[in-house]
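Colleague: Please find coords_16.txt (compact mmCIF, C-alpha atoms) on the next line:
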```
# COMPACT_ATOMS: atom_id res chain seq x y z
CA MET A 280 -24.64 35.61 -17.30
CA ILE A 281 -24.29 32.90 -14.71
CA PRO A 282 -21.40 33.41 -12.31
CA VAL A 283 -19.07 30.45 -11.84
CA LEU A 284 -17.05 30.04 -8.67
CA VAL A 285 -14.15 27.64 -8.99
CA VAL A 286 -13.19 25.97 -5.70
CA THR A 287 -9.82 24.32 -5.84
CA GLY A 288 -7.26 23.02 -3.36
CA PHE A 289 -5.04 20.01 -2.93
CA LEU A 290 -6.30 16.59 -1.80
CA GLY A 291 -7.86 16.83 1.62
CA ALA A 292 -7.79 20.61 1.82
CA GLY A 293 -11.46 20.67 2.83
CA LYS A 294 -13.26 21.58 -0.39
CA THR A 295 -16.17 19.23 0.22
CA THR A 296 -16.51 20.41 3.81
CA LEU A 297 -16.64 24.02 2.63
CA LEU A 298 -19.25 23.19 0.03
CA ARG A 299 -21.42 21.25 2.44
CA ARG A 300 -21.39 24.20 4.80
CA LEU A 301 -21.99 26.78 2.09
CA LEU A 302 -24.94 24.94 0.64
CA ARG A 303 -26.67 24.98 3.99
CA ASP A 304 -26.62 28.79 3.90
CA PRO A 305 -29.84 30.28 2.49
CA GLU A 306 -27.79 32.71 0.38
CA TRP A 307 -26.31 29.75 -1.48
CA ALA A 308 -29.46 27.69 -1.79
CA ASP A 309 -29.84 28.55 -5.49
CA THR A 310 -26.49 27.08 -6.45
CA ALA A 311 -25.66 24.35 -8.93
CA VAL A 312 -22.60 22.28 -8.13
CA VAL A 313 -20.25 20.47 -10.47
CA VAL A 314 -17.92 18.09 -8.67
CA ASN A 315 -14.89 16.58 -10.36
CA GLU A 316 -13.00 13.75 -8.74
CA PHE A 317 -9.75 12.02 -9.51
CA GLY A 318 -10.32 8.34 -10.16
CA GLU A 319 -13.04 6.16 -11.53
CA VAL A 320 -15.18 6.01 -8.40
CA ALA A 321 -16.66 9.29 -7.27
CA LEU A 322 -17.52 9.77 -3.61
CA ASP A 323 -17.35 13.49 -2.94
CA HIS A 324 -20.53 14.19 -4.84
CA ALA A 325 -22.28 11.79 -2.52
CA LEU A 326 -21.09 13.75 0.48
CA VAL A 327 -22.09 17.18 -0.81
CA ALA A 328 -25.55 17.99 0.42
CA ALA A 329 -27.16 19.52 -2.65
CA SER A 330 -30.21 18.88 -4.74
CA ASP A 331 -29.72 15.88 -7.02
CA ASP A 332 -31.07 17.99 -9.86
CA THR A 333 -28.35 20.61 -9.66
CA LEU A 334 -25.44 18.43 -8.58
CA VAL A 335 -23.36 16.96 -11.36
CA SER A 336 -20.49 14.58 -10.79
CA LEU A 337 -17.78 14.58 -13.43
CA SER A 338 -15.77 11.46 -12.87
CA THR A 339 -14.90 10.80 -16.48
CA GLY A 340 -11.40 12.09 -15.93
CA CYS A 341 -9.34 14.86 -14.48
CA LEU A 342 -11.16 18.12 -15.12
CA CYS A 343 -7.99 19.85 -16.19
CA CYS A 344 -7.14 17.12 -18.69
CA ALA A 345 -9.53 14.60 -20.21
CA ALA A 346 -12.75 16.08 -18.92
CA ARG A 347 -12.11 19.70 -19.86
CA GLY A 348 -14.59 19.52 -22.72
CA ASP A 349 -17.01 17.76 -20.41
CA LEU A 350 -17.06 20.81 -18.16
CA ALA A 351 -18.17 23.09 -20.97
CA GLU A 352 -20.80 20.58 -22.06
CA THR A 353 -21.97 20.13 -18.49
CA LEU A 354 -22.34 23.86 -17.90
CA LEU A 355 -24.24 24.32 -21.14
CA ASP A 356 -26.46 21.31 -20.55
CA LEU A 357 -27.26 22.48 -17.02
CA ARG A 358 -28.15 25.90 -18.35
CA ARG A 359 -30.38 24.41 -21.05
CA ARG A 360 -32.20 22.30 -18.43
CA ARG A 361 -32.51 25.34 -16.18
CA ASP A 362 -34.04 27.42 -18.94
CA ALA A 363 -36.40 24.56 -19.81
CA GLY A 364 -37.51 24.33 -16.20
CA GLU A 365 -36.13 20.81 -15.84
CA VAL A 366 -33.92 21.77 -12.90
CA PRO A 367 -34.37 24.51 -10.28
CA ARG A 368 -33.51 28.00 -11.50
CA TYR A 369 -30.06 28.26 -9.94
CA ALA A 370 -28.30 31.62 -9.74
CA ARG A 371 -24.69 30.48 -9.80
CA VAL A 372 -22.49 27.46 -10.38
CA VAL A 373 -19.75 26.17 -8.11
CA VAL A 374 -17.15 23.96 -9.76
CA GLU A 375 -15.26 21.86 -7.24
CA THR A 376 -12.09 20.66 -8.91
CA SER A 377 -10.37 17.47 -7.94
CA GLY A 378 -7.53 17.90 -5.49
CA LEU A 379 -5.09 17.09 -8.26
CA ALA A 380 -6.43 19.52 -10.82
CA ASP A 381 -4.41 22.33 -12.29
CA PRO A 382 -7.01 25.10 -12.50
CA ALA A 383 -5.43 26.79 -15.52
CA PRO A 384 -6.95 24.59 -18.26
CA ILE A 385 -10.31 24.80 -16.49
CA LEU A 386 -10.19 28.59 -16.49
CA HIS A 387 -9.02 28.47 -20.07
CA ALA A 388 -12.07 26.45 -21.04
CA LEU A 389 -14.34 28.93 -19.26
CA ALA A 390 -12.69 31.85 -21.01
CA THR A 391 -12.31 30.49 -24.51
CA ASP A 392 -15.30 28.22 -25.15
CA ALA A 393 -17.50 30.66 -27.04
CA ALA A 394 -20.82 29.19 -25.95
CA VAL A 395 -19.77 29.03 -22.31
CA ALA A 396 -18.26 32.52 -22.31
CA GLU A 397 -21.49 33.90 -23.79
CA THR A 398 -23.59 32.58 -20.94
CA HIS A 399 -21.24 32.23 -17.98
CA ARG A 400 -18.70 34.44 -16.33
CA LEU A 401 -15.97 33.47 -13.92
CA LEU A 402 -16.74 34.84 -10.48
CA SER A 403 -13.48 33.90 -8.80
CA VAL A 404 -11.07 31.11 -8.02
CA VAL A 405 -10.84 30.14 -4.38
CA ALA A 406 -7.96 27.90 -3.33
CA LEU A 407 -8.21 26.04 -0.06
CA VAL A 408 -4.95 25.27 1.66
CA ASP A 409 -4.68 22.86 4.58
CA ALA A 410 -2.83 24.64 7.39
CA ALA A 411 -1.39 21.34 8.62
CA ARG A 412 -0.24 19.82 5.34
CA GLY A 413 -0.36 22.67 2.86
CA ALA A 414 3.31 23.53 3.04
CA ALA A 415 4.31 19.93 2.34
CA ALA A 416 1.90 19.78 -0.59
CA LEU A 417 3.39 22.97 -2.02
CA ASP A 418 6.85 21.43 -1.67
CA ARG A 419 6.03 18.13 -3.30
CA HIS A 420 3.26 18.66 -5.82
CA PRO A 421 3.18 21.00 -8.81
CA GLU A 422 -0.62 20.84 -8.73
CA ALA A 423 -0.68 22.53 -5.33
CA ARG A 424 1.63 25.30 -6.51
CA ARG A 425 -0.45 25.91 -9.62
CA GLN A 426 -3.61 26.07 -7.54
CA ALA A 427 -1.95 28.70 -5.35
CA MET A 428 -0.61 30.73 -8.24
CA LEU A 429 -3.98 30.91 -10.00
CA ALA A 430 -6.18 31.70 -7.02
CA ASP A 431 -8.05 34.95 -6.51
CA ARG A 432 -8.18 34.26 -2.81
CA PHE A 433 -7.05 31.69 -0.29
CA VAL A 434 -8.87 29.99 2.50
CA LEU A 435 -6.61 28.41 5.12
CA THR A 436 -8.41 25.37 6.47
CA LYS A 437 -7.86 23.11 9.47
CA THR A 438 -6.20 25.89 11.37
CA ASP A 439 -7.44 24.19 14.54
CA LEU A 440 -5.21 21.22 13.73
CA ALA A 441 -2.09 23.29 13.18
CA PRO A 442 -2.03 26.16 15.63
CA GLY A 443 0.78 28.58 14.87
CA ALA A 444 1.23 27.45 11.27
CA GLU A 445 -0.88 30.20 9.72
CA ALA A 446 1.66 33.01 9.51
CA ALA A 447 4.38 31.01 7.80
CA LEU A 448 1.95 29.42 5.35
CA ALA A 449 0.31 32.75 4.55
CA ALA A 450 3.76 34.20 3.84
CA ARG A 451 4.53 31.27 1.56
CA LEU A 452 1.28 31.75 -0.33
CA GLY A 453 1.92 35.48 -0.49
CA ALA A 454 5.24 34.79 -2.20
CA LEU A 455 3.50 32.64 -4.82
CA ASN A 456 0.55 34.95 -5.31
CA PRO A 457 0.90 38.34 -3.63
CA ALA A 458 -2.46 39.71 -4.83
CA ALA A 459 -4.64 37.03 -3.28
CA PRO A 460 -6.00 37.71 0.20
CA VAL A 461 -5.83 34.94 2.80
CA LEU A 462 -8.66 34.05 5.16
CA ALA A 463 -8.25 31.52 7.95
CA ALA A 464 -11.29 29.34 8.50
CA ALA A 465 -11.78 26.18 10.52
CA HIS A 466 -14.44 23.64 9.54
CA GLY A 467 -15.35 25.48 6.33
CA ALA A 468 -16.62 28.54 8.19
CA VAL A 469 -16.18 31.14 5.46
CA PRO A 470 -18.48 34.17 5.25
CA PRO A 471 -20.65 33.45 2.20
CA LYS A 472 -20.51 37.08 1.04
CA TRP A 473 -16.71 36.96 0.96
CA LEU A 474 -16.89 34.15 -1.58
CA LEU A 475 -19.46 35.99 -3.68
CA THR A 476 -17.17 38.95 -4.24
CA PRO A 477 -15.74 38.88 -7.78
CA GLY A 478 -12.05 38.11 -8.02
CA THR A 479 -9.53 39.79 -10.26
CA HIS A 480 -9.74 37.00 -12.86
CA GLY A 481 -13.48 37.42 -13.10
CA GLU A 482 -13.38 41.20 -13.21
CA ALA A 483 -10.79 41.17 -15.97
CA GLY A 484 -13.15 39.52 -18.46
CA PRO A 485 -12.65 36.40 -20.57
CA GLU A 486 -10.29 37.91 -23.16
CA ALA A 487 -7.91 39.26 -20.54
CA LEU A 488 -8.13 36.02 -18.59
CA ALA A 489 -7.35 33.95 -21.70
CA ALA A 490 -4.38 36.18 -22.53
CA TRP A 491 -3.07 35.92 -18.99
CA LEU A 492 -3.50 32.15 -18.97
CA ASP A 493 -1.61 31.90 -22.24
CA ALA A 494 1.20 33.81 -20.61
CA VAL A 495 1.36 31.41 -17.64
CA GLY A 496 1.04 28.26 -19.76
CA GLY A 497 -2.59 27.61 -19.11
CA HIS A 498 -3.32 25.05 -21.80
CA ALA A 499 -1.71 21.96 -20.38
CA ALA A 500 -1.85 20.70 -16.84
CA GLU A 501 1.27 19.65 -14.99
CA HIS A 502 0.88 16.59 -12.81
CA SER A 503 3.09 14.81 -10.31
CA PRO A 504 4.34 11.52 -11.77
CA GLY A 505 2.85 8.23 -10.63
CA LEU A 506 -0.41 9.60 -9.28
CA ALA A 507 -3.27 7.15 -9.33
CA ALA A 508 -6.57 6.48 -7.66
CA VAL A 509 -7.49 2.92 -6.80
CA ALA A 510 -11.01 1.92 -5.87
CA ILE A 511 -12.19 -1.07 -3.90
CA GLU A 512 -15.88 -1.91 -4.10
CA ARG A 513 -17.48 -4.55 -1.92
CA GLU A 514 -20.91 -6.10 -1.68
CA ALA A 515 -20.26 -7.80 1.65
CA PRO A 516 -19.88 -5.68 4.78
CA LEU A 517 -16.44 -5.17 6.28
CA ALA A 518 -15.45 -5.97 9.85
CA ALA A 519 -14.60 -2.78 11.73
CA ALA A 520 -11.33 -4.29 12.97
CA ALA A 521 -10.31 -5.19 9.41
CA LEU A 522 -11.04 -1.67 8.22
CA ALA A 523 -8.99 -0.14 11.03
CA LEU A 524 -6.07 -2.53 10.53
CA TRP A 525 -6.13 -1.97 6.79
CA MET A 526 -5.99 1.78 7.21
CA GLN A 527 -3.15 1.38 9.66
CA GLY A 528 -1.24 -0.90 7.31
CA LEU A 529 -1.70 1.43 4.37
CA ALA A 530 -0.51 4.42 6.36
CA GLU A 531 2.46 2.50 7.70
CA HIS A 532 3.71 1.01 4.47
CA ALA A 533 2.70 3.61 1.89
CA GLY A 534 3.98 6.46 4.06
CA GLU A 535 4.15 9.71 2.16
CA ARG A 536 3.00 7.99 -1.00
CA LEU A 537 -0.48 7.78 0.48
CA LEU A 538 -2.14 11.10 -0.29
CA ARG A 539 -5.80 10.47 0.38
CA LEU A 540 -8.11 7.74 1.49
CA LYS A 541 -11.87 8.05 1.55
CA GLY A 542 -14.81 5.77 1.53
CA VAL A 543 -18.34 4.88 2.45
CA VAL A 544 -18.52 1.55 4.21
CA ARG A 545 -21.05 -0.94 5.50
CA LEU A 546 -19.75 -2.68 8.60
CA VAL A 547 -20.45 -6.21 9.76
CA GLU A 548 -21.23 -4.74 13.17
CA ALA A 549 -23.85 -2.30 11.79
CA PRO A 550 -24.89 -3.51 8.35
CA ASP A 551 -27.88 -1.17 8.13
CA ARG A 552 -25.83 1.98 8.54
CA VAL A 553 -23.24 3.71 6.41
CA LEU A 554 -19.95 4.97 7.71
CA ALA A 555 -17.86 7.62 5.94
CA VAL A 556 -14.12 7.34 6.50
CA HIS A 557 -11.36 9.55 5.26
CA ALA A 558 -7.71 10.22 5.84
CA ILE A 559 -5.34 12.81 4.52
CA GLY A 560 -1.96 11.16 4.22
CA HIS A 561 -1.55 9.15 7.40
CA VAL A 562 -3.91 11.33 9.44
CA ALA A 563 -7.34 9.74 9.74
CA HIS A 564 -10.27 11.94 10.56
CA PRO A 565 -12.92 10.58 12.91
CA PRO A 566 -15.32 8.39 10.94
CA GLN A 567 -18.86 9.68 10.61
CA TRP A 568 -22.15 7.86 10.43
CA LEU A 569 -24.15 9.22 7.52
CA GLU A 570 -27.89 9.65 7.74
CA GLY A 571 -28.35 7.28 4.86
CA TRP A 572 -26.71 5.93 1.76
CA PRO A 573 -25.84 8.82 -0.49
CA SER A 574 -27.15 6.96 -3.55
CA GLY A 575 -28.91 3.76 -4.49
CA ASP A 576 -25.57 1.99 -4.55
CA ARG A 577 -25.28 0.09 -1.25
CA ARG A 578 -21.79 -1.27 -1.84
CA SER A 579 -18.87 -0.29 0.34
CA ARG A 580 -16.50 1.86 -1.68
CA LEU A 581 -12.98 2.80 -0.67
CA VAL A 582 -10.76 5.05 -2.76
CA VAL A 583 -7.01 5.31 -2.25
CA ILE A 584 -5.18 8.13 -4.01
CA GLY A 585 -1.45 7.84 -3.95
CA GLN A 586 1.81 8.30 -5.74
CA ASN A 587 3.57 5.17 -6.98
CA ILE A 588 1.54 2.79 -4.86
CA PRO A 589 1.33 -0.63 -6.55
CA ARG A 590 -2.15 -0.77 -8.01
CA HIS A 591 -3.27 -3.97 -6.28
CA PHE A 592 -1.57 -3.42 -2.94
CA PRO A 593 -4.59 -1.85 -1.17
CA ALA A 594 -6.94 -4.66 -2.19
CA ARG A 595 -4.43 -7.40 -1.44
CA LEU A 596 -3.68 -5.98 1.97
CA LEU A 597 -7.38 -5.68 2.74
CA ALA A 598 -7.98 -9.30 1.72
CA ALA A 599 -5.14 -10.50 3.93
CA VAL A 600 -6.27 -8.50 6.94
CA GLU A 601 -9.89 -9.54 6.47
CA ALA A 602 -8.94 -13.21 6.39
CA GLU A 603 -7.17 -12.90 9.72
CA VAL A 604 -9.96 -10.92 11.34
CA ALA A 605 -12.52 -13.44 10.09
CA GLU A 606 -10.45 -16.28 11.48
CA GLU A 607 -10.25 -14.56 14.85
CA ALA A 608 -14.00 -13.99 14.83
CA GLY A 609 -14.52 -17.66 14.03
CA ARG A 610 -12.22 -18.74 16.81
CA ALA A 611 -13.97 -16.48 19.27
CA ALA A 612 -17.32 -17.92 18.26
CA SER A 613 -16.10 -21.53 18.48
CA PRO A 614 -13.25 -21.80 20.99
CA GLY A 615 -10.90 -24.61 20.15
CA SER A 616 -11.51 -24.50 16.43
CA GLY A 617 -10.08 -22.30 13.74
CA GLN A 618 -9.32 -22.02 10.12
CA PRO A 619 -5.80 -21.87 8.79
CA ALA A 620 -4.81 -18.46 7.50
CA PHE A 621 -3.02 -20.09 4.59
CA GLY A 622 -5.06 -22.07 2.11
CA ARG A 623 -3.49 -25.31 0.98
CA MET B 49 -4.20 -16.76 1.49
CA THR B 50 -2.75 -18.96 -1.21
CA PRO B 51 1.00 -18.96 -1.95
CA PRO B 52 0.52 -16.92 -5.16
CA GLU B 53 -1.58 -14.39 -3.24
CA LEU B 54 1.12 -14.14 -0.59
CA ARG B 55 3.76 -13.71 -3.27
CA ALA B 56 1.72 -10.91 -4.86
CA LEU B 57 1.30 -9.11 -1.54
CA VAL B 58 5.00 -9.43 -0.69
CA SER B 59 6.00 -8.28 -4.19
CA ASP B 60 3.75 -5.23 -3.94
CA SER B 61 5.15 -4.45 -0.50
CA LEU B 62 8.72 -4.64 -1.72
CA ALA B 63 7.86 -2.29 -4.59
CA LEU B 64 6.26 0.09 -2.12
CA TRP B 65 9.39 0.11 0.02
CA GLY B 66 11.58 0.59 -3.03
CA VAL B 67 13.33 -2.75 -2.64
CA ALA B 68 14.31 -4.69 -5.74
CA ALA B 69 13.94 -8.39 -4.95
CA ALA B 70 12.33 -11.27 -6.79
CA VAL B 71 9.79 -13.28 -4.83
CA SER B 72 9.05 -16.88 -5.69
CA VAL B 73 6.56 -19.39 -4.46
CA ALA B 74 8.47 -21.95 -2.45
CA LYS B 75 7.42 -25.07 -0.65
CA ASP B 76 4.84 -23.98 1.90
CA GLY B 77 5.37 -20.23 1.53
CA VAL B 78 7.41 -17.74 -0.44
CA ALA B 79 11.14 -17.11 -0.75
CA LEU B 80 13.18 -14.06 -1.63
CA LEU B 81 16.68 -12.72 -1.45
CA ALA B 82 17.26 -9.52 0.55
CA PRO B 83 19.41 -6.86 -1.13
CA ASP B 84 22.31 -7.84 1.15
CA GLY B 85 22.09 -11.41 -0.14
CA THR B 86 20.33 -12.92 2.86
CA PRO B 87 17.83 -15.60 1.84
CA LEU B 88 14.44 -15.03 3.44
CA ARG B 89 11.40 -17.23 3.61
CA VAL B 90 7.85 -16.60 4.74
CA ARG B 91 5.83 -19.59 5.92
CA PRO B 92 2.32 -19.79 7.29
CA ALA B 93 2.07 -21.11 10.83
CA GLY B 94 -0.14 -24.07 11.55
CA VAL B 95 -3.44 -23.62 13.31
CA GLU B 96 -2.01 -25.39 16.33
CA GLU B 97 0.63 -22.67 16.56
CA ARG B 98 -1.82 -19.83 17.15
CA PRO B 99 -1.54 -16.99 17.96
CA VAL B 100 1.43 -17.23 15.59
CA ARG B 101 0.22 -16.90 11.99
CA TRP B 102 3.41 -16.46 10.08
CA TRP B 103 7.05 -17.40 10.37
CA LEU B 104 9.66 -15.09 8.90
CA GLU B 105 12.84 -17.10 8.48
CA ARG B 106 16.42 -16.30 7.70
CA PRO B 107 19.40 -18.62 8.20
CA GLY B 108 19.66 -19.40 11.89
CA GLN B 109 16.66 -17.31 12.86
CA ARG B 110 12.92 -17.83 12.90
CA ARG B 111 10.69 -14.93 13.87
CA PRO B 112 7.03 -15.47 14.79
CA CYS B 113 4.45 -12.97 13.53
CA THR B 114 0.90 -12.87 14.84
CA SER B 115 -0.58 -10.93 11.94
CA VAL B 116 0.06 -10.02 8.34
CA LEU B 117 0.82 -6.46 9.44
CA GLY B 118 3.43 -7.79 11.85
CA LEU B 119 4.83 -9.95 9.08
CA LEU B 120 5.17 -6.99 6.71
CA ARG B 121 6.84 -4.92 9.42
CA GLY B 122 9.33 -7.70 10.11
CA LEU B 123 9.96 -8.29 6.43
CA ARG B 124 10.53 -4.61 5.85
CA ASN B 125 13.22 -4.56 8.53
CA ALA B 126 14.72 -7.77 7.18
CA VAL B 127 15.20 -6.33 3.69
CA GLY B 128 16.79 -3.19 5.10
CA ALA B 129 13.88 -0.87 4.36
CA GLY B 130 12.84 -0.36 7.97
CA GLU B 131 10.79 2.74 8.45
CA ALA B 132 12.69 4.09 11.51
CA ALA B 133 12.77 7.86 11.19
CA ASN B 134 10.20 7.84 8.41
CA ALA B 135 7.59 5.97 10.42
CA ARG B 136 4.06 6.84 9.42
CA ARG B 137 1.70 5.41 11.96
CA LEU B 138 -1.95 6.17 11.51
CA ARG B 139 -2.86 9.24 13.50
CA VAL B 140 -6.33 10.46 14.29
CA ALA B 141 -7.16 14.10 13.92
CA ILE B 142 -9.26 15.35 16.81
CA PRO B 143 -10.32 18.96 16.25
CA GLY B 144 -9.59 21.16 19.22
CA ALA B 145 -7.48 18.55 20.98
```
Rewrite the structure of this file - the entire thing - as structure tokens.

Modeller:
Amino acid sequence: MIPVLVVTGFLGAGKTTLLRRLLRDPEWADTAVVVNEFGEVALDHALVAASDDTLVSLSTGCLCCAARGDLAETLLDLRRRRDAGEVPRYARVVVETSGLADPAPILHALATDAAVAETHRLLSVVALVDAARGAAALDRHPEARRQAMLADRFVLTKTDLAPGAEAALAARLGALNPAAPVLAAAHGAVPPKWLLTPGTHGEAGPEALAAWLDAVGGHAAEHSPGLAAVAIEREAPLAAAALALWMQGLAEHAGERLLRLKGVVRLVEAPDRVLAVHAIGHVAHPPQWLEGWPSGDRRSRLVVIGQNIPRHFPARLLAAVEAEVAEEAGRAASPGSGQPAFGR
Amino acid sequence: MTPPELRALVSDSLALWGVAAAVSVAKDGVALLAPDGTPLRVRPAGVEERPVRWWLERPGQRRPCTSVLGLLRGLRNAVGAGEAANARRLRVAIPGA
């Protein structure tokens, strides 16, 4: 039986950071990873440092909804390839859900798909909760509450960004799920052994888990209305100033509707390098230069996940800002000349 | 930016701010009616007017804007959807700071 660890947590809770750190640990080297992302353009899988052979990106839909069957197929296909020697002989699977996934239907699929249940067993469900924004997510999004209610254990992340918030948040989580222990961890620093300990869901066995999920309404996922992911893909590099102004404009005008922004970008100023950017709500994390492009795709890709954000607003704003930045660059290069910002 | 592109951006922005207002392409810009009935117009500034890029006009008033972000901020205030207490400026998270 192959143990399956489900890592969940709301958008920006730090799931990818945790995974990247875990996979660097020798104890977790023999781990296959299944990453599910919300939206048609997947980026997280590119940022998880794992073997290409044992890393599967499921971007065909939300894992708890459209792609539920895909998870079972993916697990079985991975196992078949493992047994055939086509991929390294991994010892466990980590499923990273999207930040908007309700874990219940995922657990249901693990417990009730006969072929999966014969060959895999749930190890535990770990829910990551952002110490700075977790309380707001629990207030506003049913997905965050479901993730908390179904967890075997909690990891409080980004505690360095919200000193003093731990106790109140841990109490809130305790009210939702009294049996789940809480561990505070900054920068994904979780003891690997702690995560390898079976949780109560896993120990109960698939039949008990399925019965419990039925009792809590585990078949259908509940989602916040108006959630959508919008992707912008670009062949041409972006000016750094345009990128910064665009992010500022999005944060300013989308406000709390902006849940997550992430991307890999090629800049005009450094076209041979790749920059990873991401923001949780209106808080941007320092951009990072990656060692190389995470895949053969060299296009800049930006993904905006939000609630009731007009679908074309991000791209239209970017185009407007870029035009102005390009005009300024042109004026700086040729003083006295300039292009009108408004085409006639 | 062409007038239809400007109209699309302004329409999206109004939707984002929760303001119901129809935007139309007008001569040399776009026009709309604020919820309080004030007619508003956005015009591009001429190259010779740089650093001004946009003019946000209402009867008896003409506000210069040096960028599209400045224009959207001004327009948001003009339609009564100013961010004020709900301001969400981009912040940068610096671990340990």

Colleague: At a cut-off of 9 Å, which residues of chain A touch chain B? Count only C-alpha atoms and give the answer as an mmCIF file with C-alpha atoms, keeping the file's coordinate frame.

Modeller:
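Output contents, as saved in selection_23.cif:
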```cif
data_model
loop_
_atom_site.group_PDB
_atom_site.id
_atom_site.type_symbol
_atom_site.label_atom_id
_atom_site.label_comp_id
_atom_site.auth_asym_id
_atom_site.auth_seq_id
_atom_site.Cartn_x
_atom_site.Cartn_y
_atom_site.Cartn_z
ATOM 1 C CA LYS A 437 -7.860 23.110 9.470
ATOM 2 C CA ASP A 439 -7.440 24.190 14.540
ATOM 3 C CA LEU A 440 -5.210 21.220 13.730
ATOM 4 C CA LEU A 524 -6.070 -2.530 10.530
ATOM 5 C CA TRP A 525 -6.130 -1.970 6.790
ATOM 6 C CA MET A 526 -5.990 1.780 7.210
ATOM 7 C CA GLN A 527 -3.150 1.380 9.660
ATOM 8 C CA GLY A 528 -1.240 -0.900 7.310
ATOM 9 C CA LEU A 529 -1.700 1.430 4.370
ATOM 10 C CA ALA A 530 -0.510 4.420 6.360
ATOM 11 C CA GLU A 531 2.460 2.500 7.700
ATOM 12 C CA HIS A 532 3.710 1.010 4.470
ATOM 13 C CA ALA A 533 2.700 3.610 1.890
ATOM 14 C CA GLY A 534 3.980 6.460 4.060
ATOM 15 C CA GLU A 535 4.150 9.710 2.160
ATOM 16 C CA ARG A 536 3.000 7.990 -1.000
ATOM 17 C CA ALA A 558 -7.710 10.220 5.840
ATOM 18 C CA GLY A 560 -1.960 11.160 4.220
ATOM 19 C CA HIS A 561 -1.550 9.150 7.400
ATOM 20 C CA VAL A 562 -3.910 11.330 9.440
ATOM 21 C CA ALA A 563 -7.340 9.740 9.740
ATOM 22 C CA HIS A 564 -10.270 11.940 10.560
ATOM 23 C CA PRO A 565 -12.920 10.580 12.910
ATOM 24 C CA ASN A 587 3.570 5.170 -6.980
ATOM 25 C CA ILE A 588 1.540 2.790 -4.860
ATOM 26 C CA PRO A 589 1.330 -0.630 -6.550
ATOM 27 C CA ARG A 590 -2.150 -0.770 -8.010
ATOM 28 C CA HIS A 591 -3.270 -3.970 -6.280
ATOM 29 C CA PHE A 592 -1.570 -3.420 -2.940
ATOM 30 C CA ARG A 595 -4.430 -7.400 -1.440
ATOM 31 C CA LEU A 596 -3.680 -5.980 1.970
ATOM 32 C CA ALA A 598 -7.980 -9.300 1.720
ATOM 33 C CA ALA A 599 -5.140 -10.500 3.930
ATOM 34 C CA VAL A 600 -6.270 -8.500 6.940
ATOM 35 C CA ALA A 602 -8.940 -13.210 6.390
ATOM 36 C CA GLU A 603 -7.170 -12.900 9.720
ATOM 37 C CA SER A 616 -11.510 -24.500 16.430
ATOM 38 C CA GLY A 617 -10.080 -22.300 13.740
ATOM 39 C CA GLN A 618 -9.320 -22.020 10.120
ATOM 40 C CA PRO A 619 -5.800 -21.870 8.790
ATOM 41 C CA ALA A 620 -4.810 -18.460 7.500
ATOM 42 C CA PHE A 621 -3.020 -20.090 4.590
ATOM 43 C CA GLY A 622 -5.060 -22.070 2.110
ATOM 44 C CA ARG A 623 -3.490 -25.310 0.980
#
```

Colleague: Atom CA of Pro485 of chain A and atom CA of Arg359 of chain A are how many Å apart?

Modeller: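 Atom-to-atom, atom CA of Pro485 of chain A and atom CA of Arg359 of chain A are spaced 21.4 Å apart.
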
Colleague: Calculated over all atoms listed in the file, which of the candidates A:Pro382, A:Gly291, A:Pro550, A:Pro566 has the smallest distance to Ala523 of chain A?

Modeller: A:Pro566

Colleague: Extract, using all atoms listed in the file, all DNA, RNA and protein residues at most 7 Å from Ser503 of chain A, discarding same-chain residues fewer than 2 positions from it, and format them as a list of chain:residue names.

Modeller: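 Here the answer would be A:His420, A:Pro421, A:Glu501, A:Gly505, A:Leu506.
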
Colleague: How far is it from atom CA of Leu474 of chain A to atom CA of Asp493 of chain A, in Å with one decimal?

Modeller: 25.8 Å

Colleague: Using only C-alpha atoms and a cutoff of 12 Å, can you tell me which residues are near (21.9, -10.7, 0.9) in the file's coordinates, and write them out as a list in words?

Modeller: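 Residues with an atom at most 12 Å from (21.9, -10.7, 0.9): Ala68, Ala69, Leu80, Leu81, Ala82, Pro83, Asp84, Gly85, Thr86, Pro87, Leu88, Arg106, Pro107, Ala126, Val127 and Gly128 of chain B.
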
Colleague: Just the residues within 9 Å of Leu104 of chain B, please, counting only C-alpha atoms, with nothing from its chain fewer than 5 positions along; format it as a VMD selection string.

Modeller: chain B and resid 88 to 92 109 to 113 119 122 to 123

Colleague: I need every residue sitting at most 9 Å from the point (-8.1, 36.4, 3.6) (coordinates as in the file, only C-alpha atoms considered), written as a PyMOL selection string.

Modeller: chain A and resi 432-435+459-463

Colleague: Would you kindly return, as a compact mmCIF listing (two decimals) with C-alpha atoms, keeping the file's coordinate frame, each protein, DNA or RNA residue with an atom no farther than 12 Å from any atom of Leu357 of chain A, considering all atoms listed in the file and excluding same-chain residues fewer than 6 positions away?

Modeller:
```txt
# COMPACT_ATOMS: atom_id res chain seq x y z
CA ILE A 281 -24.29 32.90 -14.71
CA THR A 310 -26.49 27.08 -6.45
CA ALA A 311 -25.66 24.35 -8.93
CA VAL A 312 -22.60 22.28 -8.13
CA VAL A 313 -20.25 20.47 -10.47
CA ASP A 332 -31.07 17.99 -9.86
CA THR A 333 -28.35 20.61 -9.66
CA LEU A 334 -25.44 18.43 -8.58
CA VAL A 335 -23.36 16.96 -11.36
CA ASP A 349 -17.01 17.76 -20.41
CA LEU A 350 -17.06 20.81 -18.16
CA ALA A 351 -18.17 23.09 -20.97
CA ALA A 363 -36.40 24.56 -19.81
CA GLY A 364 -37.51 24.33 -16.20
CA GLU A 365 -36.13 20.81 -15.84
CA VAL A 366 -33.92 21.77 -12.90
CA PRO A 367 -34.37 24.51 -10.28
CA ARG A 368 -33.51 28.00 -11.50
CA TYR A 369 -30.06 28.26 -9.94
CA ALA A 370 -28.30 31.62 -9.74
CA ARG A 371 -24.69 30.48 -9.80
CA VAL A 372 -22.49 27.46 -10.38
CA VAL A 395 -19.77 29.03 -22.31
CA THR A 398 -23.59 32.58 -20.94
CA HIS A 399 -21.24 32.23 -17.98
```
